[in-house]
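Novice: The following file, input-v4.cif, comprises mmCIF, C-alpha atoms:
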```cif
data_start
loop_
_atom_site.group_PDB
_atom_site.id
_atom_site.type_symbol
_atom_site.label_atom_id
_atom_site.label_comp_id
_atom_site.auth_asym_id
_atom_site.auth_seq_id
_atom_site.Cartn_x
_atom_site.Cartn_y
_atom_site.Cartn_z
ATOM 1 C CA MET A 211 84.548 19.209 205.197
ATOM 2 C CA GLU A 212 85.828 16.884 202.499
ATOM 3 C CA THR A 213 84.786 18.959 199.499
ATOM 4 C CA ARG A 214 87.362 19.043 196.745
ATOM 5 C CA ARG A 215 88.276 22.573 195.797
ATOM 6 C CA ASP A 216 89.240 23.472 192.291
ATOM 7 C CA VAL A 217 89.058 26.368 189.915
ATOM 8 C CA PHE A 218 85.774 25.169 188.405
ATOM 9 C CA GLN A 219 84.090 25.310 191.769
ATOM 10 C CA ALA A 220 85.488 28.772 192.294
ATOM 11 C CA ILE A 221 83.758 30.119 189.206
ATOM 12 C CA SER A 222 80.539 28.132 189.628
ATOM 13 C CA ASP A 223 78.922 30.989 191.531
ATOM 14 C CA PRO A 224 77.978 34.362 189.974
ATOM 15 C CA THR A 225 78.972 36.337 193.065
ATOM 16 C CA ARG A 226 82.374 34.688 193.069
ATOM 17 C CA ARG A 227 82.784 35.487 189.385
ATOM 18 C CA GLU A 228 82.048 39.131 190.178
ATOM 19 C CA ILE A 229 84.548 39.080 193.013
ATOM 20 C CA ILE A 230 87.158 37.676 190.644
ATOM 21 C CA ASP A 231 86.353 40.453 188.190
ATOM 22 C CA LEU A 232 86.736 43.067 190.901
ATOM 23 C CA LEU A 233 89.978 41.691 192.248
ATOM 24 C CA ALA A 234 91.421 41.372 188.781
ATOM 25 C CA GLN A 235 91.429 45.152 188.618
ATOM 26 C CA GLN A 236 93.172 45.630 191.948
ATOM 27 C CA PRO A 237 93.764 43.897 195.277
ATOM 28 C CA MET A 238 91.101 44.817 197.837
ATOM 29 C CA ASN A 239 90.291 44.231 201.455
ATOM 30 C CA LEU A 240 87.108 42.547 202.571
ATOM 31 C CA ASN A 241 85.296 45.788 203.376
ATOM 32 C CA ALA A 242 85.959 47.214 199.954
ATOM 33 C CA ILE A 243 84.743 44.010 198.301
ATOM 34 C CA ALA A 244 81.623 43.849 200.474
ATOM 35 C CA LYS A 245 80.653 47.395 199.459
ATOM 36 C CA HIS A 246 80.101 46.172 195.889
ATOM 37 C CA PHE A 247 77.484 43.644 196.932
ATOM 38 C CA GLU A 248 74.154 43.668 198.641
ATOM 39 C CA ILE A 249 74.666 40.392 200.427
ATOM 40 C CA THR A 250 75.921 40.155 204.006
ATOM 41 C CA ARG A 251 79.532 40.472 204.970
ATOM 42 C CA PRO A 252 79.710 36.914 206.339
ATOM 43 C CA ALA A 253 78.391 35.686 202.957
ATOM 44 C CA ILE A 254 81.124 37.625 201.145
ATOM 45 C CA SER A 255 83.612 36.328 203.649
ATOM 46 C CA ASN A 256 82.520 32.788 202.845
ATOM 47 C CA HIS A 257 82.974 33.357 199.088
ATOM 48 C CA ILE A 258 86.432 34.774 199.764
ATOM 49 C CA ARG A 259 87.299 31.699 201.797
ATOM 50 C CA ILE A 260 86.200 29.391 198.976
ATOM 51 C CA LEU A 261 88.119 31.397 196.386
ATOM 52 C CA ASN A 262 91.138 31.199 198.650
ATOM 53 C CA GLU A 263 90.781 27.425 199.112
ATOM 54 C CA CYS A 264 90.403 27.014 195.360
ATOM 55 C CA GLY A 265 93.690 28.810 194.867
ATOM 56 C CA ILE A 266 92.122 31.691 192.945
ATOM 57 C CA ILE A 267 93.077 34.362 195.448
ATOM 58 C CA VAL A 268 95.667 34.786 198.156
ATOM 59 C CA ILE A 269 95.065 36.808 201.282
ATOM 60 C CA GLU A 270 97.906 39.053 202.384
ATOM 61 C CA GLN A 271 98.153 40.693 205.738
ATOM 62 C CA VAL A 272 99.267 44.302 205.375
ATOM 63 C CA GLY A 273 99.376 45.951 208.781
ATOM 64 C CA ARG A 274 95.884 45.502 210.197
ATOM 65 C CA GLU A 275 94.329 45.005 206.793
ATOM 66 C CA ARG A 276 93.898 41.752 204.923
ATOM 67 C CA PHE A 277 94.130 42.200 201.187
ATOM 68 C CA CYS A 278 92.750 39.747 198.652
ATOM 69 C CA LYS A 279 94.856 39.321 195.549
ATOM 70 C CA ILE A 280 94.110 37.266 192.479
ATOM 71 C CA GLN A 281 96.232 34.358 191.252
ATOM 72 C CA PRO A 282 95.801 34.348 187.474
ATOM 73 C CA ASP A 283 97.633 31.067 186.828
ATOM 74 C CA HIS A 284 94.831 29.017 188.331
ATOM 75 C CA LEU A 285 92.248 30.619 186.092
ATOM 76 C CA ARG A 286 94.277 29.514 183.123
ATOM 77 C CA GLN A 287 93.253 25.911 183.810
ATOM 78 C CA VAL A 288 89.746 26.874 182.805
ATOM 79 C CA SER A 289 90.583 28.328 179.449
ATOM 80 C CA ASP A 290 92.923 25.384 178.802
ATOM 81 C CA TRP A 291 90.145 22.920 179.550
ATOM 82 C CA ILE A 292 87.709 24.634 177.228
ATOM 83 C CA GLY A 293 90.317 24.920 174.521
ATOM 84 C CA LYS A 294 90.889 21.169 174.656
ATOM 85 C CA TYR A 295 87.215 20.333 174.349
ATOM 86 C CA GLU A 296 86.732 22.505 171.310
ATOM 87 C CA GLU A 297 90.023 21.331 169.851
ATOM 88 C CA LEU A 298 88.785 17.752 169.978
ATOM 89 C CA TRP A 299 85.905 18.465 167.622
ATOM 90 C CA ILE A 300 88.013 20.616 165.330
ATOM 91 C CA GLN A 301 90.473 17.743 165.039
ATOM 92 C CA LYS A 302 87.723 15.274 164.233
ATOM 93 C CA ILE A 303 86.357 17.418 161.446
ATOM 94 C CA ASP A 304 89.885 18.032 160.127
ATOM 95 C CA SER A 305 90.499 14.312 160.178
ATOM 96 C CA PHE A 306 87.278 13.785 158.200
ATOM 97 C CA GLU A 307 88.301 16.406 155.663
ATOM 98 C CA MET A 308 91.705 14.806 155.125
ATOM 99 C CA TYR A 309 90.151 11.404 154.644
ATOM 100 C CA LEU A 310 87.574 12.870 152.286
ATOM 101 C CA TYR A 311 90.275 14.301 150.026
ATOM 102 C CA GLN A 312 92.155 10.998 150.020
ATOM 103 C CA LEU A 313 88.970 9.263 149.003
ATOM 104 C CA LYS A 314 88.318 11.838 146.307
ATOM 105 C CA SER A 315 91.757 11.444 144.713
ATOM 106 C CA LYS A 316 91.515 7.653 144.941
ATOM 107 C CA ARG A 317 88.186 7.723 143.085
ATOM 108 C CA LYS A 318 89.655 9.987 140.413
ATOM 109 C CA LYS A 319 92.580 7.609 139.796
ATOM 110 C CA HIS A 320 90.226 4.689 139.366
ATOM 111 C CA GLY A 321 88.067 6.617 136.963
ATOM 112 C CA GLY A 322 85.120 7.548 139.119
ATOM 113 C CA LYS A 323 82.899 5.372 141.256
ATOM 114 C CA MET B 57 63.507 26.062 174.889
ATOM 115 C CA ALA B 58 64.318 29.539 173.594
ATOM 116 C CA GLU B 59 66.526 29.745 170.551
ATOM 117 C CA ASN B 60 68.875 32.034 172.402
ATOM 118 C CA ASP B 61 69.266 29.398 175.057
ATOM 119 C CA LEU B 62 69.934 26.762 172.425
ATOM 120 C CA ALA B 63 72.738 28.858 170.987
ATOM 121 C CA LYS B 64 74.346 28.975 174.392
ATOM 122 C CA ARG B 65 74.405 25.203 174.527
ATOM 123 C CA THR B 66 75.797 24.708 171.069
ATOM 124 C CA LEU B 67 79.263 24.391 169.678
ATOM 125 C CA THR B 68 79.190 24.949 165.920
ATOM 126 C CA LEU B 69 81.886 24.356 163.335
ATOM 127 C CA LYS B 70 81.461 25.300 159.678
ATOM 128 C CA LYS B 71 83.551 24.194 156.736
ATOM 129 C CA LYS B 72 83.496 24.154 152.966
ATOM 130 C CA PHE B 73 84.766 20.872 151.612
ATOM 131 C CA ASP B 74 86.286 20.748 148.172
ATOM 132 C CA ALA B 75 84.343 17.614 147.256
ATOM 133 C CA PRO B 76 80.911 16.898 145.782
ATOM 134 C CA ILE B 77 78.087 16.354 148.212
ATOM 135 C CA ASP B 78 77.494 12.677 147.395
ATOM 136 C CA LEU B 79 81.104 11.859 148.255
ATOM 137 C CA VAL B 80 80.967 13.884 151.474
ATOM 138 C CA TRP B 81 77.756 12.105 152.424
ATOM 139 C CA GLU B 82 79.230 8.707 151.661
ATOM 140 C CA ALA B 83 82.416 9.383 153.655
ATOM 141 C CA TRP B 84 80.396 10.644 156.604
ATOM 142 C CA THR B 85 77.829 7.857 156.701
ATOM 143 C CA GLN B 86 79.423 4.611 155.504
ATOM 144 C CA PRO B 87 80.985 2.512 158.270
ATOM 145 C CA GLU B 88 84.042 1.514 156.232
ATOM 146 C CA HIS B 89 84.850 5.209 155.875
ATOM 147 C CA VAL B 90 83.861 6.253 159.386
ATOM 148 C CA SER B 91 86.321 3.773 160.861
ATOM 149 C CA GLN B 92 89.066 5.568 158.915
ATOM 150 C CA TRP B 93 88.497 9.078 160.205
ATOM 151 C CA TRP B 94 86.526 8.986 163.435
ATOM 152 C CA GLY B 95 89.464 8.223 165.712
ATOM 153 C CA PRO B 96 92.292 10.644 166.436
ATOM 154 C CA LYS B 97 95.296 10.406 164.126
ATOM 155 C CA GLY B 98 96.826 6.953 164.069
ATOM 156 C CA MET B 99 94.138 5.466 166.300
ATOM 157 C CA ALA B 100 92.099 2.634 164.890
ATOM 158 C CA ILE B 101 88.470 2.444 165.860
ATOM 159 C CA GLN B 102 86.016 -0.375 165.574
ATOM 160 C CA VAL B 103 82.531 0.198 164.246
ATOM 161 C CA VAL B 104 80.526 -2.136 166.481
ATOM 162 C CA GLU B 105 77.086 -1.019 165.370
ATOM 163 C CA HIS B 106 76.023 1.141 162.465
ATOM 164 C CA ASN B 107 72.330 1.040 161.860
ATOM 165 C CA PHE B 108 71.959 4.063 159.615
ATOM 166 C CA LYS B 109 68.259 4.788 159.848
ATOM 167 C CA VAL B 110 66.008 6.838 162.115
ATOM 168 C CA GLY B 111 65.925 5.049 165.460
ATOM 169 C CA GLY B 112 69.015 3.060 164.507
ATOM 170 C CA ARG B 113 71.932 2.749 166.886
ATOM 171 C CA TRP B 114 75.619 3.397 166.219
ATOM 172 C CA LYS B 115 78.533 2.501 168.398
ATOM 173 C CA TYR B 116 82.238 3.023 167.832
ATOM 174 C CA VAL B 117 84.878 1.682 170.156
ATOM 175 C CA MET B 118 88.429 2.910 170.409
ATOM 176 C CA PRO B 119 90.965 1.040 172.528
ATOM 177 C CA MET B 120 93.005 3.467 174.590
ATOM 178 C CA PRO B 121 96.699 3.145 175.387
ATOM 179 C CA ASP B 122 95.884 2.346 179.032
ATOM 180 C CA GLY B 123 93.817 -0.688 178.001
ATOM 181 C CA LYS B 124 90.462 0.984 178.578
ATOM 182 C CA GLU B 125 87.989 1.770 175.850
ATOM 183 C CA PHE B 126 86.661 5.061 174.636
ATOM 184 C CA ILE B 127 83.104 4.536 173.479
ATOM 185 C CA SER B 128 81.091 6.760 171.180
ATOM 186 C CA GLU B 129 77.479 5.758 170.680
ATOM 187 C CA GLY B 130 74.081 7.151 169.894
ATOM 188 C CA VAL B 131 70.760 6.798 168.110
ATOM 189 C CA TYR B 132 69.856 8.579 164.878
ATOM 190 C CA SER B 133 66.804 10.785 165.326
ATOM 191 C CA GLU B 134 66.666 12.397 161.901
ATOM 192 C CA ILE B 135 68.135 11.515 158.537
ATOM 193 C CA VAL B 136 67.449 13.516 155.387
ATOM 194 C CA GLU B 137 69.406 12.042 152.486
ATOM 195 C CA LEU B 138 72.236 14.357 151.338
ATOM 196 C CA LYS B 139 71.053 17.071 153.706
ATOM 197 C CA LYS B 140 70.895 16.390 157.391
ATOM 198 C CA ILE B 141 71.766 13.940 160.127
ATOM 199 C CA VAL B 142 70.731 14.368 163.737
ATOM 200 C CA THR B 143 71.780 11.879 166.350
ATOM 201 C CA SER B 144 72.014 11.589 170.082
ATOM 202 C CA ALA B 145 75.496 10.862 171.329
ATOM 203 C CA ASN B 146 77.369 9.704 174.382
ATOM 204 C CA PHE B 147 81.130 9.760 174.581
ATOM 205 C CA ARG B 148 82.326 7.709 177.481
ATOM 206 C CA PRO B 149 84.224 8.738 179.414
ATOM 207 C CA MET B 150 83.851 12.390 178.507
ATOM 208 C CA THR B 151 80.516 13.818 177.525
ATOM 209 C CA GLU B 152 77.076 12.289 177.728
ATOM 210 C CA GLY B 153 73.655 13.322 176.542
ATOM 211 C CA VAL B 154 74.623 15.533 173.637
ATOM 212 C CA GLU B 155 72.992 15.896 170.244
ATOM 213 C CA ILE B 156 75.063 16.038 167.101
ATOM 214 C CA ARG B 157 73.765 17.740 163.983
ATOM 215 C CA ALA B 158 75.489 17.531 160.652
ATOM 216 C CA LEU B 159 74.146 19.635 157.801
ATOM 217 C CA PHE B 160 75.236 19.254 154.196
ATOM 218 C CA GLU B 161 74.595 21.726 151.428
ATOM 219 C CA GLN B 162 75.690 21.474 147.824
ATOM 220 C CA ASP B 163 77.671 24.351 146.364
ATOM 221 C CA GLY B 164 78.497 23.217 142.839
ATOM 222 C CA GLU B 165 81.325 20.699 143.155
ATOM 223 C CA LYS B 166 81.869 21.751 146.744
ATOM 224 C CA THR B 167 79.943 21.097 149.929
ATOM 225 C CA ASP B 168 79.069 23.390 152.788
ATOM 226 C CA PHE B 169 79.204 21.503 156.022
ATOM 227 C CA THR B 170 77.845 22.652 159.375
ATOM 228 C CA PHE B 171 78.555 20.571 162.421
ATOM 229 C CA SER B 172 76.962 21.270 165.795
ATOM 230 C CA VAL B 173 77.232 19.702 169.189
ATOM 231 C CA VAL B 174 74.221 20.570 171.334
ATOM 232 C CA HIS B 175 74.529 19.951 175.023
ATOM 233 C CA ALA B 176 71.056 18.768 175.759
ATOM 234 C CA THR B 177 70.729 17.477 179.256
ATOM 235 C CA GLU B 178 70.009 19.778 182.104
ATOM 236 C CA GLU B 179 72.784 18.301 184.153
ATOM 237 C CA TYR B 180 75.340 18.755 181.446
ATOM 238 C CA CYS B 181 74.140 22.276 180.806
ATOM 239 C CA LYS B 182 74.570 23.034 184.423
ATOM 240 C CA GLN B 183 78.039 21.607 184.406
ATOM 241 C CA GLN B 184 78.914 23.656 181.360
ATOM 242 C CA GLU B 185 77.304 26.711 182.847
ATOM 243 C CA GLN B 186 79.367 26.276 185.962
ATOM 244 C CA MET B 187 82.394 26.360 183.812
ATOM 245 C CA GLY B 188 81.122 29.431 182.066
ATOM 246 C CA PHE B 189 81.158 27.506 178.842
ATOM 247 C CA TYR B 190 78.765 29.121 176.435
ATOM 248 C CA ASN B 191 79.329 28.451 172.780
ATOM 249 C CA GLY B 192 82.969 27.626 173.177
ATOM 250 C CA LEU B 193 83.950 30.719 175.040
ATOM 251 C CA GLY B 194 81.403 32.340 177.272
ATOM 252 C CA SER B 195 81.288 36.023 177.915
ATOM 253 C CA ALA B 196 82.552 35.398 181.422
ATOM 254 C CA PHE B 197 85.484 33.623 179.924
ATOM 255 C CA LYS B 198 86.257 36.262 177.393
ATOM 256 C CA ARG B 199 86.538 38.589 180.344
ATOM 257 C CA PHE B 200 88.756 36.151 182.173
ATOM 258 C CA GLU B 201 90.972 35.773 179.156
ATOM 259 C CA GLU B 202 91.314 39.509 178.857
ATOM 260 C CA LEU B 203 92.089 39.651 182.542
ATOM 261 C CA LEU B 204 94.725 37.011 182.180
ATOM 262 C CA VAL B 205 96.402 38.959 179.441
ATOM 263 C CA THR B 206 96.295 42.158 181.469
ATOM 264 C CA LEU B 207 97.501 40.467 184.608
ATOM 265 C CA ASN B 208 100.337 38.712 182.883
ATOM 266 C CA LYS B 209 101.548 41.985 181.468
ATOM 267 C CA LYS B 210 101.746 43.514 184.926
#
```
Output the structure of this file as structure tokens.

Specialist:
Amino acid sequence: METRRDVFQAISDPTRREIIDLLAQQPMNLNAIAKHFEITRPAISNHIRILNECGIIVIEQVGRERFCKIQPDHLRQVSDWIGKYEELWIQKIDSFEMYLYQLKSKRKKHGGK
Amino acid sequence: MAENDLAKRTLTLKKKFDAPIDLVWEAWTQPEHVSQWWGPKGMAIQVVEHNFKVGGRWKYVMPMPDGKEFISEGVYSEIVELKKIVTSANFRPMTEGVEIRALFEQDGEKTDFTFSVVHATEEYCKQQEQMGFYNGLGSAFKRFEELLVTLNKK
């Protein structure tokens, strides 16, 4: 499959967001994760695979168990992206305000309109 | 569309400008002023179209360092003199199908200004929803941010 995996895809699904929430508290194996959901184990397994491919979680083999562990650095991309978008508008309004005050002082110097 | 839903799709910024409302209105609406502040710092923009009336089109073009153009354009859907401007807006390449609302309210020699970006199209909403982007920072994100802080401390 040629699908591009990134952090935004990882969090595009509510079940995956819940899994992220769960794993953020502690690493868990698949069975423990599956117990929190009413969907089938293969479905959970598929979400885990996607999260893994998106770089959100790593899977560590400990003895016979496979533990899923979260990788917080990848999630940071999301908050960075959102920050930038909001920042853009804040900057535009700031830029307007600065210009407005320049205009105001210019008008004052020239004795009003 | 429920009001609650609208709030989820809206980014709102509020400011009090230390300038009288007629000056704020003029600076916001007149093309010779817009060209001075619309672009990011130090970036000149060109006002290609500025038909300031309901149904009128506006289009600003900003040349980018890589030779491409960043285009902002839209159509005014509501104009109430010294009070309110509503316009559709596309920012290419970045965000398309949004609505921008600018509200002006006189407060003596000052002006209360409320600026909102409403993500209107279903597709864009979906995209934003996928990113958990509700009103700047969605509840999912607040949780993620808290998680990040906790995890980084570990």

Novice: On this structure, which residues satisfy the PyMOL selection byres ((chain A) within 10 of (chain B)), written as an MDAnalysis selection string?

Specialist: chainID A and resid 217:224 227:228 230:231 234:236 280:283 285:286 288:289 291:293 295:296 298:311 313:315 317 323

Novice: Taking (79.0, 46.8, 194.4) in the file's coordinates as the center, which residues reach within 12 Å of it, counting all atoms listed in the file, put as JSON, numbers by chain?

Specialist: {"A": [225, 228, 229, 231, 232, 241, 242, 243, 244, 245, 246, 247, 248, 249, 254]}

Novice: CA of Gln86 in chain B to CA of Asp122 in chain B: how many Å, to one decimal?

Specialist: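 Value for the CA of Gln86 in chain B-CA of Asp122 in chain B distance: 28.8 Å.
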
Novice: What does the distance from CA of Ile141 in chain B to CA of Glu155 in chain B come to in Å, to one decimal?

Specialist: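 Separating CA of Ile141 in chain B from CA of Glu155 in chain B is a distance of 10.4 Å.
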
Novice: If we count all atoms listed in the file, what is near Cys264 in chain A at a cut-off of 6 Å, once residues fewer than 3 positions away on the same chain are taken out, given as a list in words?

Specialist: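 Using all atoms listed in the file, the neighbours found are Arg215, Asp216, Val217 and Leu261 of chain A.
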
Novice: Please produce a file of the residues just selected, as a PDB file, in the coordinates of the input, where the atoms kept are C-alpha atoms.

Specialist:
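Result file out.pdb:
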```pdb
ATOM      1  CA  ARG A 215      88.276  22.573 195.797  1.00  0.00           C
ATOM      2  CA  ASP A 216      89.240  23.472 192.291  1.00  0.00           C
ATOM      3  CA  VAL A 217      89.058  26.368 189.915  1.00  0.00           C
ATOM      4  CA  LEU A 261      88.119  31.397 196.386  1.00  0.00           C
TER       5      LEU A 261
END
```

Novice: Missing atoms in range 213-231 of chain A need filling: write out N, CA and C atoms for it as a CSV table (one decimal), in the coordinates of the input.

Specialist:
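That gives us result39.csv:
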```csv
chain,number,residue,atom,x,y,z
A,213,THR,N,85.0,18.5,200.9
A,213,THR,CA,84.8,19.0,199.5
A,213,THR,C,86.1,19.2,198.8
A,214,ARG,N,86.2,18.8,197.5
A,214,ARG,CA,87.4,19.0,196.7
A,214,ARG,C,87.3,20.4,196.2
A,215,ARG,N,88.3,21.2,196.3
A,215,ARG,CA,88.3,22.6,195.8
A,215,ARG,C,89.1,22.7,194.5
A,216,ASP,N,88.5,23.2,193.5
A,216,ASP,CA,89.2,23.5,192.3
A,216,ASP,C,88.7,24.7,191.6
A,217,VAL,N,89.4,25.1,190.6
A,217,VAL,CA,89.1,26.4,189.9
A,217,VAL,C,87.6,26.4,189.4
A,218,PHE,N,87.1,25.2,189.0
A,218,PHE,CA,85.8,25.2,188.4
A,218,PHE,C,84.7,25.4,189.5
A,219,GLN,N,85.0,25.0,190.7
A,219,GLN,CA,84.1,25.3,191.8
A,219,GLN,C,84.1,26.8,192.1
A,220,ALA,N,85.3,27.3,192.0
A,220,ALA,CA,85.5,28.8,192.3
A,220,ALA,C,84.6,29.6,191.4
A,221,ILE,N,84.5,29.3,190.1
A,221,ILE,CA,83.8,30.1,189.2
A,221,ILE,C,82.3,29.6,189.0
A,222,SER,N,81.9,28.7,189.8
A,222,SER,CA,80.5,28.1,189.6
A,222,SER,C,79.5,29.1,190.2
A,223,ASP,N,79.9,30.1,190.9
A,223,ASP,CA,78.9,31.0,191.5
A,223,ASP,C,79.1,32.4,191.0
A,224,PRO,N,77.9,33.0,190.6
A,224,PRO,CA,78.0,34.4,190.0
A,224,PRO,C,78.6,35.4,190.9
A,225,THR,N,78.3,35.4,192.2
A,225,THR,CA,79.0,36.3,193.1
A,225,THR,C,80.5,36.2,193.1
A,226,ARG,N,80.9,34.9,193.1
A,226,ARG,CA,82.4,34.7,193.1
A,226,ARG,C,83.0,35.2,191.8
A,227,ARG,N,82.2,35.0,190.7
A,227,ARG,CA,82.8,35.5,189.4
A,227,ARG,C,82.9,37.0,189.4
A,228,GLU,N,81.9,37.7,190.1
A,228,GLU,CA,82.0,39.1,190.2
A,228,GLU,C,83.2,39.5,191.1
A,229,ILE,N,83.4,38.8,192.1
A,229,ILE,CA,84.5,39.1,193.0
A,229,ILE,C,85.9,38.9,192.2
A,230,ILE,N,85.9,37.9,191.4
A,230,ILE,CA,87.2,37.7,190.6
A,230,ILE,C,87.4,38.9,189.7
A,231,ASP,N,86.3,39.3,189.1
A,231,ASP,CA,86.4,40.5,188.2
A,231,ASP,C,86.9,41.7,188.9
```
